[in-house]
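J.: This is coords-v4.csv (CSV, C-alpha atoms).
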chain,number,residue,atom,x,y,z
A,27,MET,CA,134.3,-9.8,24.3
A,28,ASN,CA,137.4,-11.0,26.0
A,29,TRP,CA,140.5,-8.9,25.9
A,30,THR,CA,143.8,-8.7,27.8
A,31,ARG,CA,145.7,-5.7,28.7
A,32,THR,CA,149.3,-6.9,28.9
A,33,SER,CA,151.5,-5.2,31.4
A,34,GLU,CA,155.2,-5.0,31.0
A,35,ASN,CA,155.5,-6.5,34.5
A,36,ALA,CA,153.0,-9.3,33.7
A,37,ALA,CA,155.6,-11.4,31.7
A,38,ALA,CA,158.0,-11.5,34.6
A,39,ALA,CA,155.3,-11.4,37.2
A,40,ASP,CA,156.2,-11.9,40.8
A,41,PRO,CA,154.0,-11.6,43.9
A,42,ALA,CA,155.3,-8.1,44.7
A,43,ALA,CA,154.3,-6.9,41.2
A,44,VAL,CA,150.8,-8.3,41.5
A,45,ARG,CA,150.4,-6.6,44.9
A,46,ALA,CA,151.7,-3.3,43.6
A,47,LYS,CA,149.3,-3.3,40.7
A,48,ALA,CA,146.4,-4.3,43.1
A,49,LEU,CA,147.3,-1.4,45.4
A,50,GLU,CA,147.6,1.0,42.5
A,51,LEU,CA,144.0,0.0,41.4
A,52,LEU,CA,142.7,0.3,45.0
A,53,ALA,CA,144.3,3.7,45.3
A,54,ARG,CA,142.0,5.0,42.6
A,55,ARG,CA,138.7,3.6,44.0
A,56,GLU,CA,137.4,0.7,46.1
A,57,HIS,CA,136.9,-2.6,44.3
A,58,SER,CA,135.2,-5.9,45.1
A,59,ARG,CA,137.4,-8.9,45.2
A,60,LEU,CA,135.9,-10.1,41.9
A,61,GLU,CA,136.5,-6.8,40.1
A,62,LEU,CA,140.1,-6.6,41.3
A,63,ARG,CA,140.8,-10.2,40.3
A,64,GLN,CA,139.3,-9.6,36.8
A,65,LYS,CA,141.4,-6.4,36.3
A,66,LEU,CA,144.6,-8.2,37.3
A,67,LEU,CA,143.8,-11.1,35.0
A,68,GLN,CA,143.1,-8.6,32.1
A,69,ARG,CA,146.6,-7.2,32.7
A,70,GLY,CA,148.1,-10.6,32.2
A,71,TYR,CA,149.0,-11.6,35.8
A,72,PRO,CA,148.7,-15.3,36.5
A,73,SER,CA,145.8,-16.4,38.7
A,74,GLU,CA,148.1,-18.4,41.0
A,75,LEU,CA,149.8,-15.2,42.0
A,76,ILE,CA,146.6,-13.1,42.1
A,77,ASP,CA,144.6,-15.1,44.7
A,78,PRO,CA,147.3,-15.1,47.5
A,79,ALA,CA,147.8,-11.3,46.9
A,80,LEU,CA,144.1,-10.7,47.3
A,81,GLU,CA,143.9,-12.8,50.4
A,82,GLN,CA,146.7,-10.8,51.9
A,83,LEU,CA,145.0,-7.5,51.0
A,84,ILE,CA,141.8,-8.8,52.7
A,85,GLU,CA,143.7,-9.7,55.8
A,86,GLU,CA,145.2,-6.2,55.9
A,87,ARG,CA,141.8,-4.7,55.3
A,88,LEU,CA,143.0,-2.9,52.3
A,89,LEU,CA,140.5,-4.8,50.2
A,90,ASP,CA,137.1,-4.7,52.1
A,91,GLU,CA,133.9,-5.8,50.4
A,92,GLY,CA,131.8,-4.3,53.1
A,93,ARG,CA,133.4,-0.9,52.6
A,94,TYR,CA,133.1,-1.3,48.8
A,95,ALA,CA,129.4,-2.3,49.0
A,96,GLU,CA,128.6,0.6,51.2
A,97,ILE,CA,130.3,3.2,49.0
A,98,TYR,CA,128.8,1.6,45.8
A,99,ALA,CA,125.3,1.4,47.3
A,100,CYS,CA,125.3,5.0,48.6
A,101,GLY,CA,126.6,6.3,45.2
A,102,ARG,CA,123.9,4.5,43.2
A,103,ALA,CA,121.2,5.5,45.7
A,104,ASP,CA,122.2,9.1,45.3
A,105,LYS,CA,121.8,8.7,41.5
A,106,GLY,CA,118.1,7.6,42.0
A,107,TYR,CA,118.4,3.8,42.0
A,108,GLY,CA,116.4,1.6,44.3
A,109,PRO,CA,117.2,-1.4,46.5
A,110,LEU,CA,116.4,-4.1,43.9
A,111,ARG,CA,118.7,-2.7,41.3
A,112,ILE,CA,121.5,-1.9,43.7
A,113,ALA,CA,121.3,-5.5,45.1
A,114,ARG,CA,121.5,-7.0,41.7
A,115,GLU,CA,124.5,-4.8,40.7
A,116,LEU,CA,126.3,-5.7,43.9
A,117,ARG,CA,125.7,-9.4,43.3
A,118,GLU,CA,127.0,-9.0,39.7
A,119,ARG,CA,130.2,-7.5,41.2
A,120,GLY,CA,130.8,-10.5,43.4
A,121,VAL,CA,129.6,-9.1,46.8
A,122,PRO,CA,128.3,-12.0,49.0
A,123,GLU,CA,124.6,-12.1,49.6
A,124,GLU,CA,124.8,-11.5,53.4
A,125,GLN,CA,126.9,-8.3,52.7
A,126,VAL,CA,124.4,-7.1,50.2
A,127,ALA,CA,121.6,-7.5,52.7
A,128,ALA,CA,123.5,-5.8,55.4
A,129,THR,CA,124.4,-2.9,53.2
A,130,LEU,CA,120.9,-2.4,52.0
A,131,ALA,CA,119.6,-2.6,55.6
A,132,THR,CA,121.7,0.4,56.5
A,133,LEU,CA,119.9,2.4,53.7
A,134,GLU,CA,116.4,1.2,54.6
A,135,ASP,CA,115.2,4.6,55.9
A,136,ASP,CA,116.4,6.5,52.8
A,137,TRP,CA,114.4,4.7,50.1
A,138,SER,CA,111.2,6.7,50.4
A,139,ALA,CA,113.0,10.0,50.1
A,140,LYS,CA,115.1,8.7,47.2
A,141,LEU,CA,111.9,7.5,45.4
A,142,ARG,CA,110.2,10.9,46.0
A,143,ASP,CA,113.3,12.7,44.6
A,144,LEU,CA,113.3,10.5,41.5
A,145,HIS,CA,109.5,11.0,41.1
A,146,ARG,CA,109.9,14.8,41.4
A,147,LYS,CA,112.8,14.8,38.9
A,148,ARG,CA,111.1,12.6,36.3
A,149,PHE,CA,107.5,13.4,36.7
A,150,LYS,CA,107.4,16.8,38.6
A,151,SER,CA,105.6,14.9,41.5
A,152,HIS,CA,102.5,14.4,39.3
A,153,VAL,CA,100.6,11.3,40.1
A,154,PRO,CA,98.3,10.5,37.2
A,155,ALA,CA,94.7,9.7,37.8
A,156,ASP,CA,94.4,7.2,34.9
A,157,ALA,CA,95.7,3.6,35.0
A,158,ALA,CA,97.8,4.0,31.8
A,159,GLY,CA,99.8,6.9,33.3
A,160,ARG,CA,100.3,5.1,36.6
A,161,LEU,CA,101.5,2.0,34.7
A,162,GLN,CA,104.0,4.1,32.7
A,163,GLN,CA,105.4,5.8,35.9
A,164,THR,CA,105.5,2.4,37.7
A,165,ARG,CA,107.5,0.9,34.8
A,166,VAL,CA,110.1,3.7,35.0
A,167,LEU,CA,110.3,3.5,38.8
A,168,ARG,CA,110.6,-0.3,38.7
A,169,GLN,CA,113.5,0.0,36.1
A,170,HIS,CA,115.3,2.1,38.7
A,171,GLY,CA,114.9,-0.7,41.2
A,172,PHE,CA,112.2,0.3,43.5
A,173,THR,CA,109.7,-2.2,44.8
A,174,LEU,CA,106.0,-2.2,43.9
A,175,GLU,CA,105.2,-1.6,47.6
A,176,GLN,CA,107.3,1.5,47.7
A,177,ILE,CA,105.8,2.8,44.5
A,178,LYS,CA,102.3,2.0,45.7
A,179,ARG,CA,102.9,4.0,49.0
A,180,LEU,CA,104.2,6.9,46.9
A,181,PHE,CA,101.1,6.9,44.7
A,182,GLU,CA,98.7,6.6,47.6
A,183,GLY,CA,100.3,9.6,49.3
A,184,GLY,CA,101.7,7.7,52.2
A,185,GLU,CA,105.2,8.9,51.3
A,186,GLN,CA,104.3,12.5,50.8
Once more with this new file: its structure as structure tokens, please.
T.:
Amino acid sequence: MNWTRTSENAAAADPAAVRAKALELLARREHSRLELRQKLLQRGYPSELIDPALEQLIEERLLDEGRYAEIYACGRADKGYGPLRIARELRERGVPEEQVAATLATLEDDWSAKLRDLHRKRFKSHVPADAAGRLQQTRVLRQHGFTLEQIKRLFEGGEQ
């Protein structure tokens, strides 16, 4: 579905109007460059005015993908999502691969605790003895983005 939100200022767009709208959006929350560009396009601003405005915001460090990636990753990890899912979501939002790797590296020590918390919340920390139960729990934990190695350590008691 492709829709456009037309702004009153978009028809008579000038670089100052694009910058003002970008700053307004950034004041609400951090955005990746791709997200901010898409939102400005949806509001009817021409791309030839958007790109220079975004470059200027990056130079001024008002738009910072590293800061965005860190805030996003921490928020998703706190909601019980693992490194694989968070990495995919960051890539979908236009964060460069090296920034994704750097961000996830800062959270490396937290994954086992986050996995234990999710397991406690979803399964009351019960590790099933049968293969079918383990498979079902593994499926749920994998959907949340945890690796098989992390899940295996949890089940073996290495993370307890």
J.: Please report, as a Markdown table, each residue of stretch 146-180 of chain A lying at most 6 Å from stretch 103-117 of chain A, together with the nearest pair of atoms and the separation in Å rounded to one decimal; use all atoms listed in the file, and order rows by chain and ascending residue number.
T.:
| residue | atom | partner | partner_atom | distance |
| --- | --- | --- | --- | --- |
| A:His170 | CA | A:Tyr107 | CA | 4.8 |
| A:Gly171 | CA | A:Gly108 | CA | 4.1 |
| A:Phe172 | CA | A:Gly108 | CA | 4.5 |
J.: Taking (125.6, 8.1, 49.6) as a centre in this file's frame and 12 Å as the limit, can you find every polymer residue with an atom that close, using all atoms listed in the file, and give them as a ChimeraX atom specification?
T.: /A:95-107,129-130,132-133,136-137,140
J.: Write a file of the just-selected residues containing C-alpha atoms, as a PDB file, in the frame of the given file.
T.:
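Contents of the output file again_9.pdb:
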ATOM      1  CA  ALA A  95     129.400  -2.300  49.000  1.00  0.00           C
ATOM      2  CA  GLU A  96     128.600   0.600  51.200  1.00  0.00           C
ATOM      3  CA  ILE A  97     130.300   3.200  49.000  1.00  0.00           C
ATOM      4  CA  TYR A  98     128.800   1.600  45.800  1.00  0.00           C
ATOM      5  CA  ALA A  99     125.300   1.400  47.300  1.00  0.00           C
ATOM      6  CA  CYS A 100     125.300   5.000  48.600  1.00  0.00           C
ATOM      7  CA  GLY A 101     126.600   6.300  45.200  1.00  0.00           C
ATOM      8  CA  ARG A 102     123.900   4.500  43.200  1.00  0.00           C
ATOM      9  CA  ALA A 103     121.200   5.500  45.700  1.00  0.00           C
ATOM     10  CA  ASP A 104     122.200   9.100  45.300  1.00  0.00           C
ATOM     11  CA  LYS A 105     121.800   8.700  41.500  1.00  0.00           C
ATOM     12  CA  GLY A 106     118.100   7.600  42.000  1.00  0.00           C
ATOM     13  CA  TYR A 107     118.400   3.800  42.000  1.00  0.00           C
ATOM     14  CA  THR A 129     124.400  -2.900  53.200  1.00  0.00           C
ATOM     15  CA  LEU A 130     120.900  -2.400  52.000  1.00  0.00           C
ATOM     16  CA  THR A 132     121.700   0.400  56.500  1.00  0.00           C
ATOM     17  CA  LEU A 133     119.900   2.400  53.700  1.00  0.00           C
ATOM     18  CA  ASP A 136     116.400   6.500  52.800  1.00  0.00           C
ATOM     19  CA  TRP A 137     114.400   4.700  50.100  1.00  0.00           C
ATOM     20  CA  LYS A 140     115.100   8.700  47.200  1.00  0.00           C
TER      21      LYS A 140
END
J.: Which is closest to A:Phe181 among A:Leu60, A:Val126, A:Leu51, A:Leu161, if we use only C-alpha atoms?
T.: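 Checking each of A:Leu60, A:Val126, A:Leu51, A:Leu161 against A:Phe181, counting only C-alpha atoms, the winner is A:Leu161.
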J.: My list of candidates is A:Arg59, A:Arg54, A:Arg69, A:Arg142. Which is closest to A:Ala39 when distances are computed with all atoms listed in the file?
T.: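 When distances to A:Ala39 are compared using all atoms listed in the file, the smallest one comes from A:Arg69.
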J.: Give as a PyMOL selection string the set of residues within 12 Å of the point (104.7, 6.9, 37.6), where distances use the file's coordinates and all atoms listed in the file.
T.: chain A and resi 141-142+144-170+172+174+176-182
J.: What is the distance between atom CA of A:Pro41 and atom CA of A:Glu91, in Å to one decimal?
T.: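 Computing the Euclidean distance for atom CA of A:Pro41 and atom CA of A:Glu91 yields 21.9 Å.
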J.: Would you please work out which residue, of A:Leu80, A:Ala139, A:Leu75, A:Ala127, is nearest to A:Ala48 when using all atoms listed in the file?
T.: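 Smallest separation from A:Ala48 among the options: A:Leu80.
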J.: Using only C-alpha atoms, which protein or nucleic acid residues come within 8 Å of A:Tyr94? Drop anything in the same chain fewer than 4 positions from it, and give the result as a VMD selection string.
T.: chain A and resid 56 to 58 90 98
J.: Tell me which of A:Gly183, A:Glu175, A:Glu134, A:Lys47 sits closest to A:Tyr71, counting all atoms listed in the file.
T.: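 Of all the options, A:Lys47 lies closest to A:Tyr71.
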